[in-house]
Every structure is written in C-alpha cells, then in structure tokens.
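Novice: Take this structure first; my questions come after.
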Amino acid sequence: MNSTVTTGTETSVWGGGNQPLGASYGKMMMWFFLVSDALTFSGFLAAYGFSRFKFIETWPIADEVFTHVPFFHGNYPMIYVALMTFVLIMSSVTMVLAVDAGHKMKQNAVIWYMFATVIGGIIFVGSQAWEWGTFIKGDHGALETKGGRILQFVKADTGERASLADFAASIPDDRIIHERKNGIWFFQEPSLTSVSLAEVVEGFKADSNILIRTEQINEEGEKTLLDRKASLAKLAEATQVVEGANLIHNEYGSRLFADFFFFITGFHGFHVFSGVVINIIIFFNVVIGTYERRGHYEMVEKVGLYWHFVDLVWVFVFTFFYLV
Amino acid sequence: MADGHKLEIFRGLVKFKSNTQKIWGVLAFLTLITAVEVVLGIIKPASLTDTYVLGMKLINWIFIILTLVKAYYIAWDFMHLRDEKSSLRRAIVWTPIFLVIYLTFILLVEADYIYNVYKDGFVSWNF
C-alpha cells in the first residue's frame with residue numbers, strides 16, 4: 001500500500017503535491033503511452049508471426065535477404081543490422097547519461113549528451129533508409145510463377161546465387177514503357193524489368209550451369225534446389241520477371257515478408273524519426289536554459305523514456321526479423 | 001529519486017560505485033549479448049539448429065531468451081524501472097506481458113492450423 005500513502009505534512013489529498021505510484025503526472029502519462037505503444041508493436045509482431053507460421057516452409061531466410069554493408073562489396077549477412085543495433089543502444093546510453101547529468105543539474109553535460117543522442121538517432125534512421133533502398137532495389141532478380149511463387153537461380157558449380165543479368169540472353173525488343181502521355185486513355189505501367197521473361201528463359205536453356213531454387217525450405221533449413229530437368233519443367237510455369245521488392249512483388253520470396261518488413265520497420269523508423277525531432281526540441285530547450293530555470297530536468301527524463309522505448313522495440317524487431 | 005539509484009545488477013552480484021558506472025556496465029553487457037546473438041546467427045551451429053524444444057529450434061529459444069534479457073536491462077536500468085515503486089513497475093510490466101502471451105498463443109496456434117490446411121487440404125498453391 002505504499003503507493004497511496006500521503007505524506008504527513010499534507011493536509012488535503014486534493015491539495016496537490018500528491019503523486020500516485022511515486023511518479024509525476026507527466027512521467028506516468030509517458031509510461032501509459034509507452035505501454036499502449038508496446039501493445040501496438042506486439043500486435044504487429046504477432047501478426048508477422050501469424051503469417052510466418054502460416055507459410056513456415058516457404059518463408060524467406062533473413063540471412064539471405066539482408067547481406068549488404070554500405071561501401072563494401074560481398075556477402076556479409078547481419079553485420080550491418082548488428083551495427084545499427086549497436087548505434088541505437090549507444091545512443092540510448094548517451095540518453096541515460098544526459099538524464100543522469102540532468103539530475104545533477106549539469107547543463108553543459110546534458111547539452112553534449114543530448115547532442116550525441118540526436119546524432120546516433122540520425123545515423124540509425126539513415127541506415128534504415130539505406131536498408132530499405134537496398135531491399136527495394138533487389139539483389140539477383142527472380143521469376144514469379146502464375147501461383148505467385150518465386151523462382152531464384154543458382155550456379156550449379158559454385159552453389160552461388162546467379163543474377164538474371166549473368167545468364168539472360170539478349171533478344172532485341174522494341175518494347176518500351178507505356179506512359180500516360182502516349183496512351184489513348186489514362187494507362188500507365190510500372191517500369192520494365194532490365195531483362196524480359198523471354199530473355200531469361202532463352203538464357204536459362206542455353207546455360208546448363210544454372211539451376212532453379214524454389215521457396216520450399218528442406219530438412220536442412222535451406223531452400224530446395226531443383227536439378228536441371230526439374231528446373232526446366234518449373235521454368236515453364238514462370239509468368240514474369242521480378243526485380244527487387246515492393247508491396248506486390250518480392251524477389252526474395254513471400255510477398256508478405258516484404259509487406260511486414262516495410263510496415264514494421266517503417267513504423268519503427270517513424271518512431272525513431274519523431275524521437276529525433278523531440279530530442280532536438282529538448283536539446284534546444286536545454287541550450288537556452290529552460291530546465292535550469294525550472295529547477296529540474298524531468299523533461300529530459302521523459303523524452304529519455306520514449307527514446308529507450310524505441311531502442312527496446314528495435315531489440316525485438318531485430319530478433320524476430322533478422323535472427324529467428 | 002535523483003539520489004536513490006539502486007546500483008547493483010545481477011541480483012547484487014555486481015555493484016557499481018556510481019550511476020554513470022552502472023550505465024557503462026549495462027552497455028557492456030548488452031553489447032556482449034548482441035555480439036553473441038550475431039555470432040550464433042552467422043555460424044548457426046548444427047547442434048542448436050537440429051535440436052527442437054517444444055516444437056521450436058533450440059537456437060530460436062536462445063535468441064528469444066537473450067532478447068528478453070536485453071529488454072529487461074533496457075527497461076530496468078536505462079528506463080530506470082529499478083528505481084521506481086514496485087506497484088508502478090508491476091502495472092507497466094505485467095499488463096503487456098499477459099496480453100502479448102495471450103495474443104501470440106492464439107495467433108500462432110491458428111497459423112499452424114492454417115499451415116496444415118494448406119499442406120494436407122485440397123488447396124493448390126504451388127503452380
């Protein structure tokens with residue numbers, strides 16, 4: 001019952017100065033908001049789990065999707081996301097240090113720690129934008145069948161992924177993007193793929209070193225590789241070339257994976273973005289001495305709670321999107 | 001609150017001299033856990049991926065448990081729940097935990113059922 005006991009000097013409970021649960025009004029409201037926001041994110045992640053369990057045998061393997069690091073060529077699964085995670089945790093640390101310095105009323109220290117926090121947040125949002133860009137642009141390209149299944153290509157001798165451009169034949173074609181301005185009616189289409197379906201099919205038939213990899217995950221936890229004969233049979237089912245990922249087509253596999261990726265990391269990225277904006281506002285308030293005059297730095301503590309929450313959510317997104 | 005920081009973590013096993021020191025200590029611990037997760041994720045030891053516990057790969061259990069450990073230290077030390085009244089802490093922590101367990105249980109069981117419908121039922125999807 002320690003939470004409801006009033007201090008002895010207080011004559012009236014309604015007189016103010018009373019703090020239920022020992023937290024100030026603003027801090028408690030921040031916690032309420034965070035709890036409800038946590039439930040929103042849980043709903044998203046649970047929905048992701050639902051879709052994943054539904055298509056458990058064909059779900060994309062994250063290690064094969066997120067393999068790039070900016071400024072470096074090659075195959076580095078997870079490294080960049082791990083770095084992003086570290087950046088976010090690090091900016092969380094500078095935030096706690098800012099709160100700690102605020103308790104001690106050290107204005108200059110708060111300024112510098114807040115500044116570092118904002119920088120960390122900006123680096124993280126930038127990284128996420130880059131990650132989106134890489135994901136949307138795509139990697140090797142794939143074919144999509146009539147049933148919406150994705151067929152990827154692998155080099156038989158090395159076992160590496162083969163890009164469409166590696167083996168596609170060159171068939172001269174006059175097909176150009178149909179734009180609104182040359183239509184009789186208001187028709188337009190998305191940009192054409194770099195190679196056409198016919199070119200991929202011809203190139204595949206000519207190059208016996210290329211095999212098809214289906215979405216199906218086998219006993220070893222890897223995608224199933226078809227032999228040459230089965231590959232040729234499967235190729236006949238393809239209806240279009242897919243390069244990159246968007247909400248409708250996804251060269252990495254299940255389109256739901258892309259949908260959830262955009263939705264959940266986008267929602268989280270939006271949180272980080274608003275966190276950065278709020279942090280900047282508080283930063284300037286600290287600089288002009290608002291909290292020094294107010295006598296306490298509780299505002300820093302409250303935005304700190306929000307900022308840590310963003311970090312907390314990322315820890316879960318990291319696990320369920322990239323690790324598990 | 002300002003001076004009332006609880007400075008020991010791991011149930012009193014490690015005790016820090018100041019709040020600042022505790023923050024760096026927790027950072028080191030969180031970084032270590034993240035590093036372990038990444039290394040396990042890249043290597044994927046066969047002994048962990050081939051063992052199933054309660055229908056899920058052992059490695060995934062390890063990832064989820066490590067994540068919860070990380071979440072605990074972020075909430076307890078960075079969001080200083082450790083220094084709050086236990087009533088506030090319980091209200092914040094147990095409400096989502098209860099609801100999330102409930103929701104994931106329902107959704108995952110249902111998803112598994114749909115998976116079996118696709119697999120064994122007369123539904124053609126691979127064409």
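Each chain in the structure tokens gets a letter, A, B, ..., in the order shown, and its residues are numbered from 1; ligands are numbered from 1 in order too.
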With 6 Å as the cut-off and only C-alpha atoms counted, what is the closest atom pair between each nearby residue of chain A and chain B? Distances in Å to one decimal, ordered by chain and number, as CSV.
Specialist:
residue,atom,partner,partner_atom,distance
A:Leu21,CA,B:Leu88,CA,5.5
A:Ala46,CA,B:Thr104,CA,5.6
A:Phe50,CA,B:Ala111,CA,5.2
A:Phe53,CA,B:Ala111,CA,5.4
A:Lys54,CA,B:Tyr115,CA,4.6
A:Val96,CA,B:Phe78,CA,6.0
A:His103,CA,B:Ala2,CA,5.6
A:Gly147,CA,B:Phe127,CA,4.9
A:Leu305,CA,B:Met79,CA,5.6
A:Leu312,CA,B:Ala71,CA,6.0
A:Val324,CA,B:Asn60,CA,5.3
Novice: Generate a file of the selected residues that holds C-alpha atoms, formatted as a CSV table (one decimal), in the first residue's frame.
Specialist:
chain,number,residue,atom,x,y,z
A,21,LEU,CA,2.8,5.4,-7.6
A,46,ALA,CA,2.3,-11.2,-33.5
A,50,PHE,CA,1.0,-15.5,-37.7
A,53,PHE,CA,3.8,-19.8,-39.1
A,54,LYS,CA,1.2,-20.0,-41.9
A,96,VAL,CA,20.7,7.9,-19.9
A,103,HIS,CA,19.7,15.0,-12.0
A,147,GLY,CA,0.6,-19.1,-58.5
A,305,LEU,CA,11.9,7.1,-21.6
A,312,LEU,CA,13.6,-1.6,-26.7
A,324,VAL,CA,14.9,-16.2,-35.6
Novice: As a list in words, please: the residues near A:Phe153 (cut-off 10 Å, only C-alpha atoms, same-chain neighbours under 4 positions excluded).
Specialist: His140, Gly141, Ala142, Leu143, Gly159, Glu160, Arg161, Ala162, Ser163, Leu164, Phe167, Phe204, Ile210, Leu211, Ile212, Arg213, Thr214, Leu225, Leu226 and Ser231 of chain A
Novice: Please identify the strand (DSSP E or B) residues within stretch 17-105 of chain B (assignment by DSSP from backbone atoms) and present them as a list of chain:residue names.
Specialist: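 Those residues are B:Tyr52, B:Val53, B:Met56, B:Lys57.
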Novice: Out of stretch 31-70 of chain A, which residues get alpha helix (DSSP H) from DSSP, as a compact mmCIF listing (two decimals) with N, CA and C atoms, in the first residue's frame?
Specialist:
# COMPACT_ATOMS: atom_id res chain seq x y z
N TRP A 31 4.52 6.74 -19.41
CA TRP A 31 4.54 5.29 -19.25
C TRP A 31 3.26 4.66 -19.82
N PHE A 32 2.12 5.31 -19.57
CA PHE A 32 0.87 4.78 -20.12
C PHE A 32 0.94 4.73 -21.64
N PHE A 33 1.46 5.82 -22.23
CA PHE A 33 1.58 5.86 -23.68
C PHE A 33 2.51 4.73 -24.16
N LEU A 34 3.62 4.55 -23.45
CA LEU A 34 4.57 3.53 -23.88
C LEU A 34 3.97 2.14 -23.79
N VAL A 35 3.18 1.89 -22.74
CA VAL A 35 2.54 0.58 -22.62
C VAL A 35 1.60 0.34 -23.81
N SER A 36 0.81 1.36 -24.16
CA SER A 36 -0.12 1.17 -25.27
C SER A 36 0.63 1.03 -26.59
N ASP A 37 1.73 1.78 -26.73
CA ASP A 37 2.52 1.67 -27.94
C ASP A 37 3.19 0.29 -28.02
N ALA A 38 3.62 -0.21 -26.87
CA ALA A 38 4.22 -1.54 -26.83
C ALA A 38 3.21 -2.57 -27.31
N LEU A 39 1.95 -2.39 -26.92
CA LEU A 39 0.92 -3.34 -27.34
C LEU A 39 0.69 -3.24 -28.85
N THR A 40 0.78 -2.03 -29.40
CA THR A 40 0.63 -1.87 -30.85
C THR A 40 1.73 -2.64 -31.58
N PHE A 41 2.97 -2.43 -31.14
CA PHE A 41 4.08 -3.15 -31.78
C PHE A 41 3.94 -4.65 -31.59
N SER A 42 3.49 -5.08 -30.41
CA SER A 42 3.30 -6.51 -30.18
C SER A 42 2.29 -7.06 -31.16
N GLY A 43 1.23 -6.27 -31.41
CA GLY A 43 0.22 -6.71 -32.37
C GLY A 43 0.83 -6.92 -33.74
N PHE A 44 1.68 -5.98 -34.17
CA PHE A 44 2.33 -6.12 -35.48
C PHE A 44 3.22 -7.35 -35.51
N LEU A 45 4.04 -7.51 -34.48
CA LEU A 45 4.97 -8.63 -34.48
C LEU A 45 4.23 -9.96 -34.37
N ALA A 46 3.13 -9.97 -33.63
CA ALA A 46 2.34 -11.20 -33.52
C ALA A 46 1.70 -11.52 -34.87
N ALA A 47 1.27 -10.48 -35.60
CA ALA A 47 0.71 -10.70 -36.93
C ALA A 47 1.78 -11.23 -37.88
N TYR A 48 3.00 -10.71 -37.73
CA TYR A 48 4.13 -11.23 -38.50
C TYR A 48 4.33 -12.72 -38.20
N GLY A 49 4.29 -13.06 -36.91
CA GLY A 49 4.43 -14.46 -36.50
C GLY A 49 3.33 -15.32 -37.09
N PHE A 50 2.13 -14.78 -37.11
CA PHE A 50 0.98 -15.50 -37.69
C PHE A 50 1.25 -15.86 -39.15
N SER A 51 1.64 -14.85 -39.94
CA SER A 51 1.89 -15.09 -41.36
C SER A 51 3.06 -16.03 -41.57
N ARG A 52 4.04 -15.89 -40.70
CA ARG A 52 5.21 -16.72 -40.86
C ARG A 52 4.91 -18.18 -40.54
N PHE A 53 4.15 -18.41 -39.49
CA PHE A 53 3.79 -19.79 -39.13
C PHE A 53 2.89 -20.40 -40.19
N LYS A 54 2.09 -19.54 -40.82
CA LYS A 54 1.20 -19.99 -41.88
C LYS A 54 2.01 -20.50 -43.07
N ALA A 62 16.19 -14.70 -43.60
CA ALA A 62 16.67 -13.30 -43.48
C ALA A 62 18.15 -13.16 -43.80
N ASP A 63 18.94 -14.19 -43.45
CA ASP A 63 20.38 -14.14 -43.73
C ASP A 63 20.69 -13.97 -45.21
N GLU A 64 19.77 -14.46 -46.05
CA GLU A 64 20.00 -14.38 -47.48
C GLU A 64 19.41 -13.11 -48.08
N VAL A 65 18.62 -12.40 -47.28
CA VAL A 65 17.98 -11.19 -47.78
C VAL A 65 18.82 -9.96 -47.47
Novice: Write out as a PyMOL selection string the residues lying within 9 Å of A:Phe257, counting only C-alpha atoms and excluding same-chain residues fewer than 4 positions away.
Specialist: chain A and resi 48+51-52+59-60+250+252-253+261-262
Novice: Can you spit out the residues from that selection as an mmCIF file, in the first residue's frame, using N, CA and C atoms?
Specialist:
data_model
loop_
_atom_site.group_PDB
_atom_site.id
_atom_site.type_symbol
_atom_site.label_atom_id
_atom_site.label_comp_id
_atom_site.auth_asym_id
_atom_site.auth_seq_id
_atom_site.Cartn_x
_atom_site.Cartn_y
_atom_site.Cartn_z
ATOM 1 N N TYR A 48 3.004 -10.711 -37.725
ATOM 2 C CA TYR A 48 4.131 -11.233 -38.503
ATOM 3 C C TYR A 48 4.326 -12.715 -38.201
ATOM 4 N N SER A 51 1.640 -14.853 -39.940
ATOM 5 C CA SER A 51 1.889 -15.093 -41.360
ATOM 6 C C SER A 51 3.063 -16.032 -41.567
ATOM 7 N N ARG A 52 4.035 -15.886 -40.704
ATOM 8 C CA ARG A 52 5.209 -16.719 -40.858
ATOM 9 C C ARG A 52 4.908 -18.184 -40.541
ATOM 10 N N TRP A 59 8.945 -19.451 -46.045
ATOM 11 C CA TRP A 59 9.297 -18.088 -45.627
ATOM 12 C C TRP A 59 10.747 -17.769 -46.021
ATOM 13 N N PRO A 60 11.033 -16.538 -46.472
ATOM 14 C CA PRO A 60 12.417 -16.195 -46.828
ATOM 15 C C PRO A 60 13.358 -16.312 -45.628
ATOM 16 N N ASN A 250 7.908 -9.578 -54.681
ATOM 17 C CA ASN A 250 9.085 -9.635 -53.835
ATOM 18 C C ASN A 250 10.009 -10.722 -54.347
ATOM 19 N N TYR A 252 12.616 -11.871 -53.103
ATOM 20 C CA TYR A 252 13.248 -12.678 -52.057
ATOM 21 C C TYR A 252 12.378 -13.841 -51.615
ATOM 22 N N GLY A 253 11.086 -13.843 -52.021
ATOM 23 C CA GLY A 253 10.206 -14.922 -51.610
ATOM 24 C C GLY A 253 8.820 -14.379 -51.311
ATOM 25 N N PHE A 261 7.964 -6.271 -43.574
ATOM 26 C CA PHE A 261 9.222 -5.547 -43.422
ATOM 27 C C PHE A 261 8.980 -4.045 -43.543
ATOM 28 N N PHE A 262 8.266 -3.656 -44.605
ATOM 29 C CA PHE A 262 8.002 -2.227 -44.794
ATOM 30 C C PHE A 262 7.154 -1.674 -43.659
#
Novice: Considering only C-alpha atoms, can you say which of A:Ile176, A:Met84, A:Ile111, A:Val241 comes closest to A:Val195?
Specialist: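 Distance minimum relative to A:Val195 lands on A:Val241.
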Novice: Just the residues within 7 Å of A:Leu97, please, counting only C-alpha atoms, with nothing from its chain fewer than 4 positions along; format it as a PDB file with N, CA and C atoms, in the first residue's frame.
Specialist:
ATOM      1  N   VAL A  93      22.491   4.920 -24.424  1.00  0.00           N
ATOM      2  CA  VAL A  93      23.412   5.154 -23.311  1.00  0.00           C
ATOM      3  C   VAL A  93      23.668   6.643 -23.127  1.00  0.00           C
ATOM      4  N   ALA A 101      23.069  13.367 -15.879  1.00  0.00           N
ATOM      5  CA  ALA A 101      23.660  14.699 -15.733  1.00  0.00           C
ATOM      6  C   ALA A 101      22.581  15.717 -15.357  1.00  0.00           C
ATOM      7  N   TYR A 113      25.468  15.383 -24.163  1.00  0.00           N
ATOM      8  CA  TYR A 113      24.906  14.042 -24.252  1.00  0.00           C
ATOM      9  C   TYR A 113      23.671  14.022 -25.148  1.00  0.00           C
TER      10      TYR A 113
ATOM     11  N   THR B  20      26.587   6.477 -13.248  1.00  0.00           N
ATOM     12  CA  THR B  20      27.276   6.537 -14.538  1.00  0.00           C
ATOM     13  C   THR B  20      28.008   5.233 -14.809  1.00  0.00           C
TER      14      THR B  20
END
Novice: If you count only C-alpha atoms, which residues fall within 10 Å of stretch 184-192 of chain A, apart from same-chain ones fewer than 3 positions away, as JSON, numbers by chain?
Specialist: {"A": [175, 176, 177, 178, 179, 180, 181, 195, 196, 241, 242, 243]}
Novice: Those selected residues, please, written with N, CA and C atoms and delivered as a PDB file, in the first residue's frame.
Specialist:
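Contents of the output file selection_37.pdb:
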ATOM      1  N   ARG A 175       9.940  -3.178 -77.130  1.00  0.00           N
ATOM      2  CA  ARG A 175       9.015  -2.858 -76.041  1.00  0.00           C
ATOM      3  C   ARG A 175       9.568  -1.704 -75.203  1.00  0.00           C
ATOM      4  N   ILE A 176       8.765  -0.639 -75.080  1.00  0.00           N
ATOM      5  CA  ILE A 176       9.166   0.467 -74.210  1.00  0.00           C
ATOM      6  C   ILE A 176       8.094   0.683 -73.153  1.00  0.00           C
ATOM      7  N   ILE A 177       8.448   1.393 -72.105  1.00  0.00           N
ATOM      8  CA  ILE A 177       7.487   1.648 -71.029  1.00  0.00           C
ATOM      9  C   ILE A 177       6.312   2.455 -71.577  1.00  0.00           C
ATOM     10  N   HIS A 178       5.129   1.978 -71.270  1.00  0.00           N
ATOM     11  CA  HIS A 178       3.939   2.703 -71.696  1.00  0.00           C
ATOM     12  C   HIS A 178       3.643   3.788 -70.678  1.00  0.00           C
ATOM     13  N   GLU A 179       3.690   5.031 -71.112  1.00  0.00           N
ATOM     14  CA  GLU A 179       3.457   6.134 -70.188  1.00  0.00           C
ATOM     15  C   GLU A 179       2.093   6.748 -70.438  1.00  0.00           C
ATOM     16  N   ARG A 180       1.673   7.506 -69.460  1.00  0.00           N
ATOM     17  CA  ARG A 180       0.377   8.162 -69.525  1.00  0.00           C
ATOM     18  C   ARG A 180       0.251   9.056 -70.746  1.00  0.00           C
ATOM     19  N   LYS A 181       1.371   9.732 -71.059  1.00  0.00           N
ATOM     20  CA  LYS A 181       1.278  10.751 -72.116  1.00  0.00           C
ATOM     21  C   LYS A 181       1.066  10.140 -73.498  1.00  0.00           C
ATOM     22  N   VAL A 195      15.633  -7.214 -67.802  1.00  0.00           N
ATOM     23  CA  VAL A 195      15.598  -8.288 -68.797  1.00  0.00           C
ATOM     24  C   VAL A 195      14.166  -8.786 -68.910  1.00  0.00           C
ATOM     25  N   SER A 196      13.803  -9.269 -70.088  1.00  0.00           N
ATOM     26  CA  SER A 196      12.434  -9.752 -70.251  1.00  0.00           C
ATOM     27  C   SER A 196      12.351 -11.236 -69.898  1.00  0.00           C
ATOM     28  N   VAL A 241       9.131 -11.500 -64.724  1.00  0.00           N
ATOM     29  CA  VAL A 241      10.409 -11.242 -64.056  1.00  0.00           C
ATOM     30  C   VAL A 241      10.155 -10.308 -62.871  1.00  0.00           C
ATOM     31  N   VAL A 242      10.781 -10.603 -61.729  1.00  0.00           N
ATOM     32  CA  VAL A 242      10.661  -9.730 -60.563  1.00  0.00           C
ATOM     33  C   VAL A 242      12.042  -9.257 -60.159  1.00  0.00           C
ATOM     34  N   GLU A 243      12.214  -7.959 -60.079  1.00  0.00           N
ATOM     35  CA  GLU A 243      13.494  -7.409 -59.608  1.00  0.00           C
ATOM     36  C   GLU A 243      13.211  -6.493 -58.435  1.00  0.00           C
TER      37      GLU A 243
END
Novice: Just want the 12 Å neighbourhood of A:Tyr297, counted on only C-alpha atoms, with same-chain residues fewer than 3 positions away dropped. Output as a list in words.
Specialist: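 In the requested format, the answer is Ala98, Val99, Asp100, Ala101, Gly102, His103, Lys104, Met105, Lys106, Gln107, Val110, Ile111, Ile282, Phe283, Asn285, Val286, Gly289, Thr290, Tyr291, Glu292, Arg293, Arg294, Val300, Glu301, Lys302, Val303 and Gly304 of chain A; Ala2 of chain B.
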